[in-house]
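What follows is the content of coords_24.txt (compact mmCIF, C-alpha atoms and all ligand atoms).
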```txt
# COMPACT_ATOMS: atom_id res chain seq x y z
CA MET A 147 4.34 8.14 -12.40
CA ARG A 148 2.75 8.38 -8.98
CA LEU A 149 0.34 5.72 -7.91
CA ILE A 150 -1.35 4.00 -5.03
CA LEU A 151 -1.74 0.23 -4.75
CA LEU A 152 -4.81 -0.69 -2.75
CA GLY A 153 -5.70 -4.14 -1.49
CA PRO A 154 -6.00 -6.26 1.65
CA PRO A 155 -3.04 -7.93 3.39
CA GLY A 156 -1.79 -10.71 1.14
CA ALA A 157 -3.23 -9.17 -2.04
CA GLY A 158 0.21 -8.99 -3.60
CA LYS A 159 0.84 -5.25 -3.36
CA GLY A 160 4.49 -5.69 -2.39
CA THR A 161 5.19 -8.20 -5.16
CA GLN A 162 3.63 -6.01 -7.82
CA ALA A 163 5.23 -2.84 -6.47
CA GLN A 164 8.69 -4.38 -6.81
CA ARG A 165 7.99 -5.18 -10.46
CA LEU A 166 6.76 -1.66 -11.17
CA VAL A 167 9.87 -0.26 -9.55
CA GLN A 168 11.92 -2.17 -12.15
CA SER A 169 9.78 -1.30 -15.15
CA HIS A 170 9.16 2.38 -14.39
CA GLY A 171 12.27 3.50 -12.54
CA ILE A 172 10.26 4.71 -9.58
CA VAL A 173 10.50 3.92 -5.87
CA GLN A 174 8.25 1.79 -3.69
CA LEU A 175 7.10 3.57 -0.57
CA SER A 176 5.80 0.89 1.76
CA THR A 177 4.66 2.32 5.08
CA GLY A 178 4.80 -1.22 6.51
CA ASP A 179 8.50 -1.49 5.56
CA MET A 180 9.24 2.01 6.84
CA LEU A 181 7.54 1.27 10.16
CA ARG A 182 9.30 -2.10 10.50
CA ALA A 183 12.62 -0.30 9.92
CA ALA A 184 11.68 2.22 12.63
CA VAL A 185 10.79 -0.61 15.02
CA LYS A 186 14.11 -2.31 14.34
CA ALA A 187 16.07 0.92 14.84
CA GLU A 188 14.08 1.62 18.01
CA THR A 189 13.36 5.21 16.96
CA PRO A 190 10.62 7.09 18.86
CA VAL A 191 8.18 6.23 16.04
CA GLY A 192 9.28 2.61 16.16
CA LEU A 193 8.78 2.33 19.90
CA LYS A 194 5.28 3.75 19.52
CA ALA A 195 4.39 1.49 16.58
CA LYS A 196 5.85 -1.83 17.73
CA ASP A 197 3.01 -3.29 19.80
CA ILE A 198 0.26 -1.75 17.66
CA MET A 199 1.71 -3.45 14.59
CA ALA A 200 2.22 -6.80 16.29
CA ARG A 201 -1.48 -6.82 17.19
CA GLY A 202 -2.41 -6.03 13.58
CA GLU A 203 -3.98 -2.67 14.39
CA LEU A 204 -3.31 0.59 12.57
CA VAL A 205 -0.65 3.04 13.67
CA PRO A 206 -2.10 6.58 14.23
CA ASP A 207 -2.68 8.56 11.03
CA ALA A 208 -0.45 11.47 12.07
CA VAL A 209 2.54 9.14 12.48
CA VAL A 210 2.33 7.57 9.03
CA VAL A 211 1.41 10.82 7.29
CA ALA A 212 4.58 12.44 8.65
CA ILE A 213 6.75 9.50 7.56
CA VAL A 214 5.31 9.52 4.04
CA SER A 215 5.66 13.27 3.64
CA ASP A 216 9.35 13.11 4.58
CA ARG A 217 9.94 10.15 2.32
CA ILE A 218 8.35 11.84 -0.73
CA ASP A 219 10.79 14.73 -0.28
CA GLN A 220 13.82 12.43 -0.73
CA PRO A 221 15.59 12.92 -4.08
CA ASP A 222 15.04 9.30 -5.22
CA ALA A 223 11.26 9.83 -5.15
CA ALA A 224 11.41 12.76 -7.58
CA ASN A 225 10.83 10.52 -10.60
CA GLY A 226 7.71 8.99 -9.07
CA PHE A 227 6.58 6.48 -6.51
CA ILE A 228 4.24 3.66 -5.67
CA LEU A 229 2.48 3.97 -2.35
CA ASP A 230 2.04 0.50 -0.89
CA GLY A 231 0.08 0.31 2.36
CA PHE A 232 -0.73 4.02 2.37
CA PRO A 233 -3.25 5.61 2.52
CA ARG A 234 -5.10 3.12 4.72
CA THR A 235 -7.85 5.37 6.07
CA VAL A 236 -9.93 8.15 4.55
CA PRO A 237 -8.22 10.78 6.76
CA GLN A 238 -4.85 9.52 5.45
CA ALA A 239 -6.14 9.89 1.88
CA GLU A 240 -7.26 13.44 2.62
CA ALA A 241 -3.90 14.23 4.20
CA LEU A 242 -2.12 12.77 1.17
CA GLU A 243 -4.14 14.93 -1.18
CA ALA A 244 -3.30 18.08 0.76
CA MET A 245 0.35 17.05 1.07
CA LEU A 246 0.74 16.41 -2.66
CA ALA A 247 -1.04 19.65 -3.57
CA ASP A 248 1.39 21.43 -1.25
CA LYS A 249 4.32 19.85 -3.01
CA GLY A 250 2.84 20.61 -6.45
CA LEU A 251 2.39 16.90 -7.23
CA ALA A 252 -0.57 14.80 -8.39
CA LEU A 253 -1.43 11.12 -8.48
CA ASP A 254 -1.68 9.33 -11.83
CA ALA A 255 -3.73 6.37 -10.69
CA VAL A 256 -5.11 4.34 -7.83
CA VAL A 257 -4.94 0.62 -8.57
CA GLU A 258 -7.01 -1.79 -6.53
CA LEU A 259 -5.98 -5.45 -6.41
CA LYS A 260 -9.20 -7.36 -5.94
CA VAL A 261 -8.86 -10.75 -4.24
CA ASP A 262 -11.13 -13.27 -2.55
CA GLU A 263 -10.83 -12.99 1.19
CA ALA A 264 -10.79 -16.77 1.45
CA ALA A 265 -7.48 -16.84 -0.42
CA LEU A 266 -5.73 -14.34 1.83
CA LEU A 267 -5.15 -16.53 4.87
CA ALA A 268 -3.66 -19.21 2.62
CA ARG A 269 -1.37 -16.64 0.99
CA VAL A 270 -0.11 -15.33 4.29
CA GLU A 271 0.42 -18.88 5.58
CA ASN A 272 2.38 -19.57 2.44
CA ARG A 273 4.54 -16.46 2.98
CA VAL A 274 5.29 -17.63 6.52
CA ARG A 275 6.28 -21.09 5.24
CA GLU A 276 8.55 -19.62 2.56
CA MET A 277 10.26 -17.23 4.95
CA THR A 278 10.76 -19.95 7.52
CA ALA A 279 12.22 -22.23 4.84
CA LYS A 280 14.65 -19.46 3.81
CA GLY A 281 15.61 -18.95 7.43
CA GLU A 282 14.21 -15.39 7.37
CA ALA A 283 12.47 -13.82 10.34
CA VAL A 284 8.70 -14.15 10.25
CA ARG A 285 6.79 -10.92 10.79
CA PRO A 286 5.25 -10.73 14.28
CA ASP A 287 1.89 -9.90 12.68
CA ASP A 288 1.89 -12.87 10.29
CA ASN A 289 -0.09 -15.14 12.61
CA PRO A 290 -3.80 -16.07 12.40
CA GLU A 291 -4.82 -13.86 15.33
CA ALA A 292 -3.12 -10.67 14.06
CA LEU A 293 -4.19 -11.42 10.50
CA LYS A 294 -7.79 -11.48 11.66
CA THR A 295 -7.30 -8.03 13.16
CA ARG A 296 -5.52 -6.80 9.99
CA LEU A 297 -8.39 -8.02 7.82
CA SER A 298 -11.00 -6.42 10.00
CA ALA A 299 -8.99 -3.14 10.04
CA TYR A 300 -8.87 -3.41 6.25
CA ARG A 301 -12.61 -3.98 5.95
CA SER A 302 -13.66 -1.18 8.26
CA GLN A 303 -10.96 1.44 7.66
CA THR A 304 -9.29 0.82 4.30
CA ALA A 305 -11.99 -0.67 2.04
CA PRO A 306 -13.92 2.66 2.09
CA LEU A 307 -11.02 4.13 0.11
CA THR A 308 -12.18 2.34 -3.03
CA ALA A 309 -15.42 4.33 -2.97
CA TYR A 310 -13.45 7.46 -2.08
CA TYR A 311 -11.19 7.18 -5.14
CA ASP A 312 -13.95 5.87 -7.37
CA GLY A 313 -15.88 9.02 -6.55
CA LYS A 314 -12.91 11.01 -7.82
CA GLY A 315 -12.81 8.98 -11.04
CA MET A 316 -9.32 7.68 -10.17
CA LEU A 317 -9.96 4.05 -9.22
CA ARG A 318 -8.78 1.26 -11.53
CA THR A 319 -9.54 -2.30 -10.43
CA VAL A 320 -7.42 -5.30 -11.39
CA ASP A 321 -8.11 -9.00 -10.75
CA GLY A 322 -5.56 -9.93 -8.10
CA MET A 323 -6.47 -13.63 -8.23
CA ALA A 324 -4.75 -14.14 -11.60
CA SER A 325 -1.10 -15.27 -11.85
CA ILE A 326 1.58 -12.80 -10.76
CA ASP A 327 2.51 -12.12 -14.42
CA ARG A 328 -1.10 -11.61 -15.45
CA VAL A 329 -1.66 -9.18 -12.60
CA THR A 330 1.46 -7.24 -13.62
CA ALA A 331 0.22 -7.10 -17.23
CA SER A 332 -3.20 -5.84 -16.12
CA ILE A 333 -1.62 -3.14 -13.99
CA GLU A 334 0.59 -2.02 -16.88
CA GLU A 335 -2.49 -1.78 -19.11
CA VAL A 336 -4.31 0.31 -16.57
CA LEU A 337 -1.31 2.61 -16.21
CA GLU A 338 -1.11 3.10 -19.99
CA THR A 339 -4.72 4.26 -19.96
CA ALA A 340 -4.06 6.54 -17.01
CA LYS A 341 -1.03 8.00 -18.77
CA ALA A 342 -3.06 8.55 -21.94
CA ALA A 343 -5.58 10.47 -19.86
CA GLY A 344 -2.57 12.64 -18.97
CA GLY A 345 -3.26 13.16 -15.33
CA ARG A 346 -6.27 15.24 -16.37
CA SER A 347 -8.59 13.12 -14.29
CA ALA A 348 -6.24 13.44 -11.32
CA SER A 349 -6.17 17.23 -11.40
CA ALA A 350 -9.89 17.42 -12.12
CA ALA A 351 -10.48 15.12 -9.17
CA ALA A 352 -8.29 17.24 -6.92
CA ALA A 353 -10.40 20.28 -7.81
CA ARG A 354 -13.61 18.49 -6.94
P1 LIG A 401 0.02 -5.82 5.16
O1 LIG A 401 0.77 -7.02 4.70
O2 LIG A 401 -1.01 -6.11 6.20
O3 LIG A 401 -0.50 -5.01 4.04
P2 LIG A 401 2.01 -3.79 5.88
O4 LIG A 401 3.39 -4.30 5.80
O5 LIG A 401 1.55 -2.84 4.84
O6 LIG A 401 1.05 -5.03 6.02
O7 LIG A 401 1.77 -3.10 7.32
C1 LIG A 401 1.99 -3.78 8.53
C2 LIG A 401 1.45 -2.98 9.71
O8 LIG A 401 2.05 -1.67 9.74
C3 LIG A 401 -0.05 -2.69 9.68
O9 LIG A 401 -0.81 -3.77 10.18
C4 LIG A 401 -0.11 -1.45 10.57
O10 LIG A 401 0.02 -1.76 11.93
C5 LIG A 401 1.13 -0.68 10.16
N1 LIG A 401 0.86 0.24 9.03
C6 LIG A 401 1.40 0.18 7.79
N2 LIG A 401 0.94 1.18 7.01
C7 LIG A 401 0.07 1.88 7.78
C8 LIG A 401 -0.75 3.02 7.55
N3 LIG A 401 -0.78 3.64 6.35
N4 LIG A 401 -1.52 3.46 8.58
C9 LIG A 401 -1.51 2.87 9.77
N5 LIG A 401 -0.77 1.79 10.05
C10 LIG A 401 0.02 1.29 9.08
```

Transcribe the structure of this file into structure tokens.
Ligand code: ADP
Amino acid sequence: MRLILLGPPGAGKGTQAQRLVQSHGIVQLSTGDMLRAAVKAETPVGLKAKDIMARGELVPDAVVVAIVSDRIDQPDAANGFILDGFPRTVPQAEALEAMLADKGLALDAVVELKVDEAALLARVENRVREMTAKGEAVRPDDNPEALKTRLSAYRSQTAPLTAYYDGKGMLRTVDGMASIDRVTASIEEVLETAKAAGGRSASAAAAR
């Protein structure tokens, strides 16, 4: 099973991805997590990404595309993966398509978590409160100013991906405002349907 989770910051992609990891025995590939690890380790990629991320802007496409390509080649991703936070721009989606074709792989589904924008700020504020309460470090981009930038990056650069994948017949939309369990159930339903279609739509879409 290879899928993409699409949705704005705070939509619940990470929460749902972790559940799918458990139920499907696949890995979660979060470009946000990978970049934060690179920042922490002060690798060349991390040094480049640090300030961009703190502002809430997008890291250059070439940087994330290279990270994802390497990560997909790791043995633990052979059984499948959930892309969380990637692709985030149409050029990234095009690069992903070429990269997967190169590796002889195809996507099974693209799942969009649809949420009201008004709820997102509250969700991120809640995450900050919870992390602070647990004594965990708060992300440098989880503040109102950076969140505003993240949302506007989402609107202008990432939201067009829904039309992109819809045009390929691959988009499945789920109500992300429901409870966490309900959202998980809806995603599982959507994946059953995608599985039943047997990846036919994915390969047909790739040929288009
Ligand atoms: P969010 O909670 O906003 O979905 P992520 O953890 O996915 O955040 O990403 C945090 C930051 O990492 C982004 O604001 C961006 O700077 C960078 N980033 C993550 N994935 C990508 C990507 N695919 N392309 C460009 N930048 C990315």

All residues 9 Å or closer to segment 147-152 of chain A, all atoms listed in the file, same chain fewer than 3 positions away omitted, as a PyMOL selection string
chain A and resi 157+159-160+162-163+170+172+225-234+251-260+304-305+307-308+337+341

Using all atoms listed in the file, pick whichever of A:Ser176, A:Thr339, A:Gln238, A:Thr319 has the shortest atom-to-atom distance to Thr161 of chain A.
A:Ser176

Test item: residues lying within 10 Å of ligand LIG 401 (chain A) with all atoms listed in the file, as a PDB file with C-alpha atoms, keeping the file's coordinate frame:
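To be explicit, this is the file written out as pocket_28.pdb:
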```pdb
ATOM      1  CA  LEU A 152      -4.810  -0.690  -2.750  1.00  0.00           C
ATOM      2  CA  GLY A 153      -5.700  -4.140  -1.490  1.00  0.00           C
ATOM      3  CA  PRO A 154      -6.000  -6.260   1.650  1.00  0.00           C
ATOM      4  CA  PRO A 155      -3.040  -7.930   3.390  1.00  0.00           C
ATOM      5  CA  GLY A 156      -1.790 -10.710   1.140  1.00  0.00           C
ATOM      6  CA  ALA A 157      -3.230  -9.170  -2.040  1.00  0.00           C
ATOM      7  CA  GLY A 158       0.210  -8.990  -3.600  1.00  0.00           C
ATOM      8  CA  LYS A 159       0.840  -5.250  -3.360  1.00  0.00           C
ATOM      9  CA  GLY A 160       4.490  -5.690  -2.390  1.00  0.00           C
ATOM     10  CA  SER A 176       5.800   0.890   1.760  1.00  0.00           C
ATOM     11  CA  THR A 177       4.660   2.320   5.080  1.00  0.00           C
ATOM     12  CA  GLY A 178       4.800  -1.220   6.510  1.00  0.00           C
ATOM     13  CA  ASP A 179       8.500  -1.490   5.560  1.00  0.00           C
ATOM     14  CA  MET A 180       9.240   2.010   6.840  1.00  0.00           C
ATOM     15  CA  LEU A 181       7.540   1.270  10.160  1.00  0.00           C
ATOM     16  CA  ARG A 182       9.300  -2.100  10.500  1.00  0.00           C
ATOM     17  CA  ALA A 195       4.390   1.490  16.580  1.00  0.00           C
ATOM     18  CA  LYS A 196       5.850  -1.830  17.730  1.00  0.00           C
ATOM     19  CA  ASP A 197       3.010  -3.290  19.800  1.00  0.00           C
ATOM     20  CA  ILE A 198       0.260  -1.750  17.660  1.00  0.00           C
ATOM     21  CA  MET A 199       1.710  -3.450  14.590  1.00  0.00           C
ATOM     22  CA  ALA A 200       2.220  -6.800  16.290  1.00  0.00           C
ATOM     23  CA  ARG A 201      -1.480  -6.820  17.190  1.00  0.00           C
ATOM     24  CA  GLY A 202      -2.410  -6.030  13.580  1.00  0.00           C
ATOM     25  CA  GLU A 203      -3.980  -2.670  14.390  1.00  0.00           C
ATOM     26  CA  LEU A 204      -3.310   0.590  12.570  1.00  0.00           C
ATOM     27  CA  VAL A 205      -0.650   3.040  13.670  1.00  0.00           C
ATOM     28  CA  PRO A 206      -2.100   6.580  14.230  1.00  0.00           C
ATOM     29  CA  ASP A 207      -2.680   8.560  11.030  1.00  0.00           C
ATOM     30  CA  ALA A 208      -0.450  11.470  12.070  1.00  0.00           C
ATOM     31  CA  VAL A 209       2.540   9.140  12.480  1.00  0.00           C
ATOM     32  CA  VAL A 210       2.330   7.570   9.030  1.00  0.00           C
ATOM     33  CA  VAL A 211       1.410  10.820   7.290  1.00  0.00           C
ATOM     34  CA  ILE A 213       6.750   9.500   7.560  1.00  0.00           C
ATOM     35  CA  VAL A 214       5.310   9.520   4.040  1.00  0.00           C
ATOM     36  CA  LEU A 229       2.480   3.970  -2.350  1.00  0.00           C
ATOM     37  CA  ASP A 230       2.040   0.500  -0.890  1.00  0.00           C
ATOM     38  CA  GLY A 231       0.080   0.310   2.360  1.00  0.00           C
ATOM     39  CA  PHE A 232      -0.730   4.020   2.370  1.00  0.00           C
ATOM     40  CA  PRO A 233      -3.250   5.610   2.520  1.00  0.00           C
ATOM     41  CA  ARG A 234      -5.100   3.120   4.720  1.00  0.00           C
ATOM     42  CA  THR A 235      -7.850   5.370   6.070  1.00  0.00           C
ATOM     43  CA  GLN A 238      -4.850   9.520   5.450  1.00  0.00           C
ATOM     44  CA  ALA A 239      -6.140   9.890   1.880  1.00  0.00           C
ATOM     45  CA  VAL A 270      -0.110 -15.330   4.290  1.00  0.00           C
ATOM     46  CA  ARG A 285       6.790 -10.920  10.790  1.00  0.00           C
ATOM     47  CA  PRO A 286       5.250 -10.730  14.280  1.00  0.00           C
ATOM     48  CA  ASP A 287       1.890  -9.900  12.680  1.00  0.00           C
ATOM     49  CA  ASP A 288       1.890 -12.870  10.290  1.00  0.00           C
ATOM     50  CA  ALA A 292      -3.120 -10.670  14.060  1.00  0.00           C
ATOM     51  CA  LEU A 293      -4.190 -11.420  10.500  1.00  0.00           C
ATOM     52  CA  THR A 295      -7.300  -8.030  13.160  1.00  0.00           C
ATOM     53  CA  ARG A 296      -5.520  -6.800   9.990  1.00  0.00           C
ATOM     54  CA  LEU A 297      -8.390  -8.020   7.820  1.00  0.00           C
ATOM     55  CA  ALA A 299      -8.990  -3.140  10.040  1.00  0.00           C
ATOM     56  CA  TYR A 300      -8.870  -3.410   6.250  1.00  0.00           C
ATOM     57  CA  GLN A 303     -10.960   1.440   7.660  1.00  0.00           C
ATOM     58  CA  THR A 304      -9.290   0.820   4.300  1.00  0.00           C
TER      59      THR A 304
END
```

Can you measure atom CA of Met277 of chain A to atom CA of Pro290 of chain A for me? One decimal in Å is fine.
16.0 Å

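Our summary of the geometry notes that atom CA of Ala342 of chain A is positioned 18.7 Å from atom CA of Tyr311 of chain A.
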
Restricting the calculation to all atoms listed in the file, which member of A:Pro190, A:Ala247, A:Asp222, A:Arg217 is positioned closest to Gly171 of chain A?
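Result for the nearest residue to Gly171 of chain A: A:Asp222.
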
Looking at A:Lys294, A:Ala223, A:Met316, A:Ala331, which one is nearest to Ala264 of chain A, with distances taken over all atoms listed in the file?
A:Lys294

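Using only C-alpha atoms for every distance, the candidate list A:Ser325, A:Asn289, A:Thr278, A:Ser298 yields A:Ser298 as the residue closest to Glu263 of chain A.
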
Atom CA of Pro306 of chain A and atom CA of Ala265 of chain A, how far apart in Å?
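Going from atom CA of Ala265 of chain A over to atom CA of Pro306 of chain A, I get 20.7 Å.
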
I need the residue nearest Ala241 of chain A from this list: A:Val274, A:Leu267, A:Ala212, A:Ala324. Use all atoms listed in the file for the distance.
A:Ala212

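Across A:Gln168, A:Gly192, A:Tyr310, A:Met323, the tightest approach to Arg269 of chain A is made by A:Met323 when counting all atoms listed in the file.
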